[in-house]
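One structure is given below, encoded as structure tokens.
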2 protein chains.
Amino acid sequence: MSRPRPSGTTRIQREKRSAIFQAALDIFAENGLRGATLDQIAARAGLSKPNVIYYFEGKEAIYTELLESLLDVWVDPLRQLSADGEPIEEILAYTRRKLAMSRDMPRESRLFATEIIQNAPRVRAVLEGPLKSLVDEKAAVVAGWVREGRIAPVDPYHLFFSLWAMTQHYADFDLQVGTVLGPARDQTRYDDADAYLTSLVERLLRV
Amino acid sequence: MSRPRPSGTTRIQREKRSAIFQAALDIFAENGLRGATLDQIAARAGLSKPNVIYYFEGKEAIYTELLESLLDVWVDPLRQLSADGEPIEEILAYTRRKLAMSRDMPRESRLFATEIIQNAPRVRAVLEGPLKSLVDEKAAVVAGWVREGRIAPVDPYHLFFSLWAMTQHYADFDLQVGTVLGPARDQTRYDDADAYLTSLVERLLRV
DNA sequence: AAAAAACTTGACCGATTGGTCAAAGCGCCC
DNA sequence: GGGCGCTTTGACCAATCGGTCAAGTTTTTT
């Protein structure tokens with residue numbers, strides 16, 4: 001409240017706020033909110049600490065704004081799941097979208113994972129509202145497919161849980177996956193995962 | 001180095017060290033190493049901060065000792081996977097052991113999850129050594145079952161990844177699971193998960 | 001029961017933390 | 001090019017951090 005926010009949005013504001021978000025994503029994903037420091041974020045963004053505070057109310061504000069700005073992107077793959085398509089193809093496409101997000105946005109995945117593990121005091125409302133509604137809606141679609149006999153009987157909610165778990169695992173537990181697979185399979189990791197998940201979904205859902 | 005460790009192990013030492021471990025498990029699982037404070041741990045254990053330091057070298061020592069003491073328990077379910085049993089029954093039993101661990105040891109699950117997500121600088125050696133060996137050994141068993149045509153062809157490593165991911169998901173993402181399922185299904189959550197995973201494993205592996 | 005050993009803690013310390021503030025720099029429009 | 005508002009920062013602050021220490025209390029040993 002005490003600090004007057006700049007009124008109009010200038011070019012510099014867009015650039016610097018974006019740089020801070022990028023830096024904060026790195027730092028928060030690796031250490032969580034409490035484990036991250038403003039100095040780390042400022043250093044990574046190439047700014048001084050007071051300068052960071054000039055653009056955001058404080059450390060927690062960076063965290064919550066970052067989280068909220070990512071939530072939409074994060075649940076978007078599920079939004080695209082269409083009741084009109086061929087059921088198994090739809091679920092396979094959803095699985096691939098989620099796996100691609102693990103490959104291309106591992107920091108975001110880790111950020112959410114850390115937040116949820118630590119009881120998400122900051123995104124609880126979003127989980128309980130929009131996310132739950134969306135999942136309920138799409139679960140109903142899957143339940144419809146089951147009723148029509150177009151896929152094998154399956155609990156839609158646990159199906160989603162397992163898809164989330166398996167795809168996000170490759171981002172969140174990247175270190176473990178890399179260690180167990182060894183350097184030889186570093187290149188093909190996500191291709192192998194894609195093939196495995198494709199086969200799993202088909203076997204699970206084919207009537 | 002400076003502080004002389006007590007020589008023999010007394011009753012009080014066992015009790016207090018155990019109390020500190022329990023408290024530390026709570027705190028570390030929720031905040032990670034950097035996010036946890038000695039004051040929090042001491043308060044939860046019902047001790048003064050200097051008293052905690054009396055029993056451990058420092059915060060990091062509590063963390064690493066805790067982690068190491070849990071590692072054995074954590075990978076034990078996989079160790080029990082026997083090449084002599086009926087393949088699908090063996091993998092189902094393994095899945096159930098892992099799911100039971102999520103139900104009964106959620107804090108431990110979250111502690112490991114946080115550690116791995118944050119690049120596990122402290123358990124890397126264990127991952128690269130003993131864990132990798134164990135997984136390689138058991139993956140060979142599964143590969144053997146595939147070769148003999150006793151289960152459907154799968155990549156053993158990705159099979160393990162998916163089982164880890166799905167079972168641990170119920171502990172690590174408990175808040176999300178609970179929110180999506182709603183209070184009505186709170187009681188049956190783990191029974192439903194068990195039924196779902198049983199069906200998934202059977203459909204995935206049955207020839 | 002007395003001495004030794006083990007245990008406990010209030011007071012304290014230097015380092016780091018999130019955040020403030022006044023003053024100096026900079027860019028952009030007239 | 002001069003002025004005004006946006007931007008930047010060095011110096012600083014109170015709070016909290018991990019950890020120390022000397023002095024006391026309790027438990028165990030003899």
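Ligands are numbered from 1 in the order shown, residues from 1 within each chain, and chains are lettered A, B, ... in the order they appear in the structure tokens.
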
Counting only C-alpha atoms (C1' of nucleotides), give me one row per residue of region 53-122 of chain A with an atom at most 9 Å from an atom of region 9-26 of chain C, showing the shortest contact pair and its distance in Å to one decimal, sorted by chain then residue number, as CSV.
residue,atom,partner,partner_atom,distance
A:Ile53,CA,C:DG19,C1',8.1
A:Gly58,CA,C:DG18,C1',7.9
A:Lys59,CA,C:DG18,C1',7.8

Output the selection as a PDB file, in the first residue's frame - C-alpha atoms for each residue.
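part-v8.pdb written:
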ATOM      1  CA  ILE A  53      11.016  -4.686  -4.874  1.00  0.00           C
ATOM      2  CA  GLY A  58       7.521  -8.331  -2.119  1.00  0.00           C
ATOM      3  CA  LYS A  59       8.718 -11.904  -2.339  1.00  0.00           C
TER       4      LYS A  59
END

- Enumerate as number ranges by chain the residues belonging to chain B that approach chain A to within 8 Å, with only C-alpha atoms taken into account. B: 29-35, 110, 113-114, 116-120, 127-128, 131-132, 135-136, 154-155, 157-158, 161-162, 165-166, 169, 172-177, 179-181, 193, 196, 200, 203-204

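One finds CA of Ala24 (chain B) at 5.5 Å from CA of Ile41 (chain B).
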
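One finds CA of Gln187 (chain A) at 29.1 Å from CA of Leu81 (chain A).
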
Interface list for chain C, partner chain B, 9 Å threshold, only C-alpha atoms (C1' of nucleotides), as an mmCIF file with all heavy atoms, in the first residue's frame:
data_model
loop_
_atom_site.group_PDB
_atom_site.id
_atom_site.type_symbol
_atom_site.label_atom_id
_atom_site.label_comp_id
_atom_site.auth_asym_id
_atom_site.auth_seq_id
_atom_site.Cartn_x
_atom_site.Cartn_y
_atom_site.Cartn_z
ATOM 1 P P DA C 6 28.993 -39.367 29.794
ATOM 2 O OP1 DA C 6 29.039 -40.589 28.971
ATOM 3 O OP2 DA C 6 29.861 -38.205 29.514
ATOM 4 O "O5'" DA C 6 27.483 -38.830 29.818
ATOM 5 C "C5'" DA C 6 26.466 -39.646 30.407
ATOM 6 C "C4'" DA C 6 25.201 -38.844 30.548
ATOM 7 O "O4'" DA C 6 25.417 -37.777 31.497
ATOM 8 C "C3'" DA C 6 24.737 -38.170 29.248
ATOM 9 O "O3'" DA C 6 23.385 -38.537 29.031
ATOM 10 C "C2'" DA C 6 24.887 -36.675 29.528
ATOM 11 C "C1'" DA C 6 24.752 -36.620 31.042
ATOM 12 N N9 DA C 6 25.400 -35.477 31.678
ATOM 13 C C8 DA C 6 26.714 -35.117 31.603
ATOM 14 N N7 DA C 6 27.020 -34.039 32.303
ATOM 15 C C5 DA C 6 25.830 -33.672 32.878
ATOM 16 C C6 DA C 6 25.469 -32.611 33.736
ATOM 17 N N6 DA C 6 26.332 -31.692 34.172
ATOM 18 N N1 DA C 6 24.169 -32.525 34.130
ATOM 19 C C2 DA C 6 23.308 -33.446 33.687
ATOM 20 N N3 DA C 6 23.520 -34.492 32.888
ATOM 21 C C4 DA C 6 24.813 -34.550 32.511
ATOM 22 P P DC C 7 22.612 -38.039 27.739
ATOM 23 O OP1 DC C 7 21.581 -39.051 27.454
ATOM 24 O OP2 DC C 7 23.621 -37.670 26.723
ATOM 25 O "O5'" DC C 7 21.874 -36.707 28.216
ATOM 26 C "C5'" DC C 7 20.891 -36.815 29.228
ATOM 27 C "C4'" DC C 7 20.487 -35.451 29.711
ATOM 28 O "O4'" DC C 7 21.640 -34.720 30.174
ATOM 29 C "C3'" DC C 7 19.835 -34.530 28.673
ATOM 30 O "O3'" DC C 7 18.485 -34.342 29.041
ATOM 31 C "C2'" DC C 7 20.640 -33.227 28.736
ATOM 32 C "C1'" DC C 7 21.331 -33.352 30.086
ATOM 33 N N1 DC C 7 22.591 -32.594 30.253
ATOM 34 C C2 DC C 7 22.622 -31.467 31.086
ATOM 35 O O2 DC C 7 21.563 -31.111 31.638
ATOM 36 N N3 DC C 7 23.776 -30.793 31.269
ATOM 37 C C4 DC C 7 24.896 -31.215 30.663
ATOM 38 N N4 DC C 7 26.012 -30.518 30.875
ATOM 39 C C5 DC C 7 24.909 -32.361 29.831
ATOM 40 C C6 DC C 7 23.745 -33.017 29.650
ATOM 41 P P DT C 8 17.465 -33.577 28.132
ATOM 42 O OP1 DT C 8 16.098 -34.004 28.498
ATOM 43 O OP2 DT C 8 17.951 -33.719 26.740
ATOM 44 O "O5'" DT C 8 17.636 -32.060 28.554
ATOM 45 C "C5'" DT C 8 17.164 -31.640 29.823
ATOM 46 C "C4'" DT C 8 17.418 -30.168 30.027
ATOM 47 O "O4'" DT C 8 18.841 -29.942 30.103
ATOM 48 C "C3'" DT C 8 16.916 -29.257 28.901
ATOM 49 O "O3'" DT C 8 15.838 -28.489 29.411
ATOM 50 C "C2'" DT C 8 18.133 -28.398 28.520
ATOM 51 C "C1'" DT C 8 19.090 -28.623 29.672
ATOM 52 N N1 DT C 8 20.545 -28.566 29.324
ATOM 53 C C2 DT C 8 21.329 -27.605 29.927
ATOM 54 O O2 DT C 8 20.904 -26.785 30.718
ATOM 55 N N3 DT C 8 22.664 -27.638 29.553
ATOM 56 C C4 DT C 8 23.255 -28.518 28.678
ATOM 57 O O4 DT C 8 24.446 -28.464 28.431
ATOM 58 C C5 DT C 8 22.373 -29.493 28.081
ATOM 59 C C7 DT C 8 22.925 -30.482 27.100
ATOM 60 C C6 DT C 8 21.077 -29.470 28.431
ATOM 61 P P DT C 9 14.984 -27.585 28.435
ATOM 62 O OP1 DT C 9 13.624 -27.495 28.963
ATOM 63 O OP2 DT C 9 15.215 -28.027 27.047
ATOM 64 O "O5'" DT C 9 15.703 -26.168 28.612
ATOM 65 C "C5'" DT C 9 15.903 -25.655 29.921
ATOM 66 C "C4'" DT C 9 16.714 -24.375 29.869
ATOM 67 O "O4'" DT C 9 18.106 -24.686 29.670
ATOM 68 C "C3'" DT C 9 16.332 -23.424 28.724
ATOM 69 O "O3'" DT C 9 16.201 -22.116 29.246
ATOM 70 C "C2'" DT C 9 17.512 -23.502 27.775
ATOM 71 C "C1'" DT C 9 18.633 -23.753 28.759
ATOM 72 N N1 DT C 9 19.856 -24.357 28.146
ATOM 73 C C2 DT C 9 21.097 -23.890 28.531
ATOM 74 O O2 DT C 9 21.254 -23.013 29.348
ATOM 75 N N3 DT C 9 22.149 -24.514 27.906
ATOM 76 C C4 DT C 9 22.078 -25.523 26.969
ATOM 77 O O4 DT C 9 23.099 -26.006 26.481
ATOM 78 C C5 DT C 9 20.752 -25.951 26.619
ATOM 79 C C7 DT C 9 20.562 -27.050 25.596
ATOM 80 C C6 DT C 9 19.716 -25.364 27.215
#

- From CA of Arg14 (chain B) to C1' of DT29 (chain D) the spacing works out at 19.6 Å

- Message: So that I can check the surroundings of Glu86 (chain A), please list as a ChimeraX atom specification every protein, DNA and RNA residue that reaches within 10 Å of it, counting only C-alpha atoms (C1' of nucleotides) and ignoring chain neighbours fewer than 3 positions away.
- Response: /A:82-83,89-91,145,150-151

Residues from last step as file, N, CA and C atoms, as a PDB file, in the first residue's frame:
ATOM      1  N   SER A  82     -11.995 -33.119 -25.740  1.00  0.00           N
ATOM      2  CA  SER A  82     -13.305 -32.887 -26.353  1.00  0.00           C
ATOM      3  C   SER A  82     -14.206 -34.121 -26.279  1.00  0.00           C
ATOM      4  N   ALA A  83     -15.437 -33.884 -25.909  1.00  0.00           N
ATOM      5  CA  ALA A  83     -16.416 -34.983 -25.834  1.00  0.00           C
ATOM      6  C   ALA A  83     -16.765 -35.520 -27.220  1.00  0.00           C
ATOM      7  N   GLU A  89      -8.447 -41.765 -28.730  1.00  0.00           N
ATOM      8  CA  GLU A  89      -7.605 -40.754 -29.367  1.00  0.00           C
ATOM      9  C   GLU A  89      -7.561 -39.477 -28.536  1.00  0.00           C
ATOM     10  N   GLU A  90      -8.704 -39.087 -28.007  1.00  0.00           N
ATOM     11  CA  GLU A  90      -8.766 -37.877 -27.179  1.00  0.00           C
ATOM     12  C   GLU A  90      -7.885 -38.004 -25.948  1.00  0.00           C
ATOM     13  N   ILE A  91      -7.990 -39.144 -25.288  1.00  0.00           N
ATOM     14  CA  ILE A  91      -7.215 -39.329 -24.053  1.00  0.00           C
ATOM     15  C   ILE A  91      -5.728 -39.472 -24.365  1.00  0.00           C
ATOM     16  N   TRP A 145     -18.359 -41.953 -21.923  1.00  0.00           N
ATOM     17  CA  TRP A 145     -17.728 -42.902 -22.842  1.00  0.00           C
ATOM     18  C   TRP A 145     -17.797 -44.321 -22.272  1.00  0.00           C
ATOM     19  N   ARG A 150     -17.685 -47.282 -25.095  1.00  0.00           N
ATOM     20  CA  ARG A 150     -16.658 -46.905 -26.069  1.00  0.00           C
ATOM     21  C   ARG A 150     -15.248 -47.050 -25.495  1.00  0.00           C
ATOM     22  N   ILE A 151     -15.119 -47.085 -24.184  1.00  0.00           N
ATOM     23  CA  ILE A 151     -13.851 -47.440 -23.542  1.00  0.00           C
ATOM     24  C   ILE A 151     -14.154 -48.405 -22.401  1.00  0.00           C
TER      25      ILE A 151
END

Near-Ile20 (chain B) list (9 Å; only C-alpha atoms (C1' of nucleotides); drop same-chain fewer than 4 positions) as a PDB file with all heavy atoms, in the first residue's frame:
ATOM      1  N   GLU B  15      15.435 -41.655  23.096  1.00  0.00           N
ATOM      2  CA  GLU B  15      14.113 -41.014  23.092  1.00  0.00           C
ATOM      3  C   GLU B  15      14.145 -39.646  22.435  1.00  0.00           C
ATOM      4  O   GLU B  15      13.319 -39.327  21.575  1.00  0.00           O
ATOM      5  CB  GLU B  15      13.594 -40.885  24.534  1.00  0.00           C
ATOM      6  CG  GLU B  15      13.168 -42.204  25.152  1.00  0.00           C
ATOM      7  CD  GLU B  15      12.833 -42.052  26.636  1.00  0.00           C
ATOM      8  OE1 GLU B  15      12.852 -40.902  27.136  1.00  0.00           O
ATOM      9  OE2 GLU B  15      12.560 -43.070  27.288  1.00  0.00           O
ATOM     10  N   LYS B  16      15.119 -38.826  22.837  1.00  0.00           N
ATOM     11  CA  LYS B  16      15.157 -37.463  22.321  1.00  0.00           C
ATOM     12  C   LYS B  16      15.521 -37.438  20.842  1.00  0.00           C
ATOM     13  O   LYS B  16      14.951 -36.671  20.070  1.00  0.00           O
ATOM     14  CB  LYS B  16      16.147 -36.630  23.139  1.00  0.00           C
ATOM     15  CG  LYS B  16      15.703 -36.419  24.594  1.00  0.00           C
ATOM     16  CD  LYS B  16      14.466 -35.553  24.696  1.00  0.00           C
ATOM     17  CE  LYS B  16      13.804 -35.603  26.066  1.00  0.00           C
ATOM     18  NZ  LYS B  16      14.602 -34.985  27.122  1.00  0.00           N
ATOM     19  N   ALA B  24      11.355 -33.415  12.887  1.00  0.00           N
ATOM     20  CA  ALA B  24      12.050 -32.973  11.675  1.00  0.00           C
ATOM     21  C   ALA B  24      11.347 -33.507  10.431  1.00  0.00           C
ATOM     22  O   ALA B  24      11.268 -32.829   9.408  1.00  0.00           O
ATOM     23  CB  ALA B  24      13.508 -33.430  11.701  1.00  0.00           C
ATOM     24  N   LEU B  25      10.831 -34.726  10.529  1.00  0.00           N
ATOM     25  CA  LEU B  25      10.102 -35.311   9.398  1.00  0.00           C
ATOM     26  C   LEU B  25       8.907 -34.431   9.043  1.00  0.00           C
ATOM     27  O   LEU B  25       8.663 -34.128   7.866  1.00  0.00           O
ATOM     28  CB  LEU B  25       9.644 -36.723   9.767  1.00  0.00           C
ATOM     29  CG  LEU B  25       8.941 -37.546   8.696  1.00  0.00           C
ATOM     30  CD1 LEU B  25       9.767 -37.625   7.429  1.00  0.00           C
ATOM     31  CD2 LEU B  25       8.661 -38.937   9.239  1.00  0.00           C
ATOM     32  N   ILE B  41      11.590 -27.068  14.411  1.00  0.00           N
ATOM     33  CA  ILE B  41      11.843 -28.463  14.770  1.00  0.00           C
ATOM     34  C   ILE B  41      11.868 -28.624  16.286  1.00  0.00           C
ATOM     35  O   ILE B  41      11.258 -29.540  16.848  1.00  0.00           O
ATOM     36  CB  ILE B  41      13.163 -28.946  14.147  1.00  0.00           C
ATOM     37  CG1 ILE B  41      13.040 -28.942  12.619  1.00  0.00           C
ATOM     38  CG2 ILE B  41      13.524 -30.327  14.652  1.00  0.00           C
ATOM     39  CD1 ILE B  41      14.357 -29.189  11.906  1.00  0.00           C
ATOM     40  N   ALA B  42      12.582 -27.709  16.943  1.00  0.00           N
ATOM     41  CA  ALA B  42      12.687 -27.787  18.399  1.00  0.00           C
ATOM     42  C   ALA B  42      11.301 -27.668  19.050  1.00  0.00           C
ATOM     43  O   ALA B  42      10.953 -28.451  19.939  1.00  0.00           O
ATOM     44  CB  ALA B  42      13.612 -26.685  18.914  1.00  0.00           C
ATOM     45  N   ARG B  44       8.338 -28.297  17.752  1.00  0.00           N
ATOM     46  CA  ARG B  44       7.519 -29.488  17.480  1.00  0.00           C
ATOM     47  C   ARG B  44       7.956 -30.676  18.320  1.00  0.00           C
ATOM     48  O   ARG B  44       7.147 -31.503  18.726  1.00  0.00           O
ATOM     49  CB  ARG B  44       7.606 -29.818  15.987  1.00  0.00           C
ATOM     50  CG  ARG B  44       6.938 -31.098  15.558  1.00  0.00           C
ATOM     51  CD  ARG B  44       5.484 -30.923  15.117  1.00  0.00           C
ATOM     52  NE  ARG B  44       5.284 -29.745  14.303  1.00  0.00           N
ATOM     53  CZ  ARG B  44       4.510 -29.700  13.218  1.00  0.00           C
ATOM     54  NH1 ARG B  44       3.895 -30.786  12.812  1.00  0.00           N
ATOM     55  NH2 ARG B  44       4.349 -28.575  12.571  1.00  0.00           N
ATOM     56  N   ALA B  45       9.270 -30.746  18.594  1.00  0.00           N
ATOM     57  CA  ALA B  45       9.783 -31.863  19.391  1.00  0.00           C
ATOM     58  C   ALA B  45       9.631 -31.604  20.882  1.00  0.00           C
ATOM     59  O   ALA B  45       9.889 -32.486  21.702  1.00  0.00           O
ATOM     60  CB  ALA B  45      11.255 -32.116  19.049  1.00  0.00           C
ATOM     61  N   GLY B  46       9.220 -30.393  21.237  1.00  0.00           N
ATOM     62  CA  GLY B  46       9.077 -30.055  22.649  1.00  0.00           C
ATOM     63  C   GLY B  46      10.407 -29.863  23.353  1.00  0.00           C
ATOM     64  O   GLY B  46      10.535 -30.143  24.544  1.00  0.00           O
ATOM     65  N   LEU B  47      11.390 -29.366  22.610  1.00  0.00           N
ATOM     66  CA  LEU B  47      12.710 -29.147  23.188  1.00  0.00           C
ATOM     67  C   LEU B  47      13.142 -27.711  22.915  1.00  0.00           C
ATOM     68  O   LEU B  47      12.557 -27.017  22.091  1.00  0.00           O
ATOM     69  CB  LEU B  47      13.732 -30.106  22.555  1.00  0.00           C
ATOM     70  CG  LEU B  47      13.442 -31.612  22.688  1.00  0.00           C
ATOM     71  CD1 LEU B  47      14.457 -32.408  21.881  1.00  0.00           C
ATOM     72  CD2 LEU B  47      13.465 -32.035  24.146  1.00  0.00           C
ATOM     73  N   VAL B  52      18.333 -29.349  20.929  1.00  0.00           N
ATOM     74  CA  VAL B  52      18.352 -30.068  19.660  1.00  0.00           C
ATOM     75  C   VAL B  52      19.779 -30.164  19.140  1.00  0.00           C
ATOM     76  O   VAL B  52      20.231 -31.228  18.697  1.00  0.00           O
ATOM     77  CB  VAL B  52      17.447 -29.363  18.627  1.00  0.00           C
ATOM     78  CG1 VAL B  52      17.644 -29.951  17.242  1.00  0.00           C
ATOM     79  CG2 VAL B  52      15.994 -29.464  19.057  1.00  0.00           C
ATOM     80  N   TYR B  55      21.988 -32.867  20.465  1.00  0.00           N
ATOM     81  CA  TYR B  55      21.844 -34.237  19.968  1.00  0.00           C
ATOM     82  C   TYR B  55      22.270 -34.419  18.528  1.00  0.00           C
ATOM     83  O   TYR B  55      22.495 -35.528  18.080  1.00  0.00           O
ATOM     84  CB  TYR B  55      20.392 -34.708  20.147  1.00  0.00           C
ATOM     85  CG  TYR B  55      20.047 -34.967  21.582  1.00  0.00           C
ATOM     86  CD1 TYR B  55      19.267 -34.082  22.306  1.00  0.00           C
ATOM     87  CD2 TYR B  55      20.555 -36.091  22.218  1.00  0.00           C
ATOM     88  CE1 TYR B  55      18.971 -34.316  23.634  1.00  0.00           C
ATOM     89  CE2 TYR B  55      20.269 -36.342  23.543  1.00  0.00           C
ATOM     90  CZ  TYR B  55      19.477 -35.451  24.245  1.00  0.00           C
ATOM     91  OH  TYR B  55      19.203 -35.682  25.563  1.00  0.00           O
ATOM     92  N   ILE B  62      20.693 -33.321  10.876  1.00  0.00           N
ATOM     93  CA  ILE B  62      19.389 -33.937  11.117  1.00  0.00           C
ATOM     94  C   ILE B  62      18.793 -34.397   9.788  1.00  0.00           C
ATOM     95  O   ILE B  62      18.317 -35.522   9.649  1.00  0.00           O
ATOM     96  CB  ILE B  62      18.417 -32.942  11.784  1.00  0.00           C
ATOM     97  CG1 ILE B  62      19.000 -32.411  13.087  1.00  0.00           C
ATOM     98  CG2 ILE B  62      17.070 -33.591  12.046  1.00  0.00           C
ATOM     99  CD1 ILE B  62      18.139 -31.341  13.745  1.00  0.00           C
TER     100      ILE B  62
END

- Task: Please report as a PyMOL selection string which residues of chain D come no farther than 10 Å from chain A, using only C-alpha atoms (C1' of nucleotides).
- Result: chain D and resi 6-9
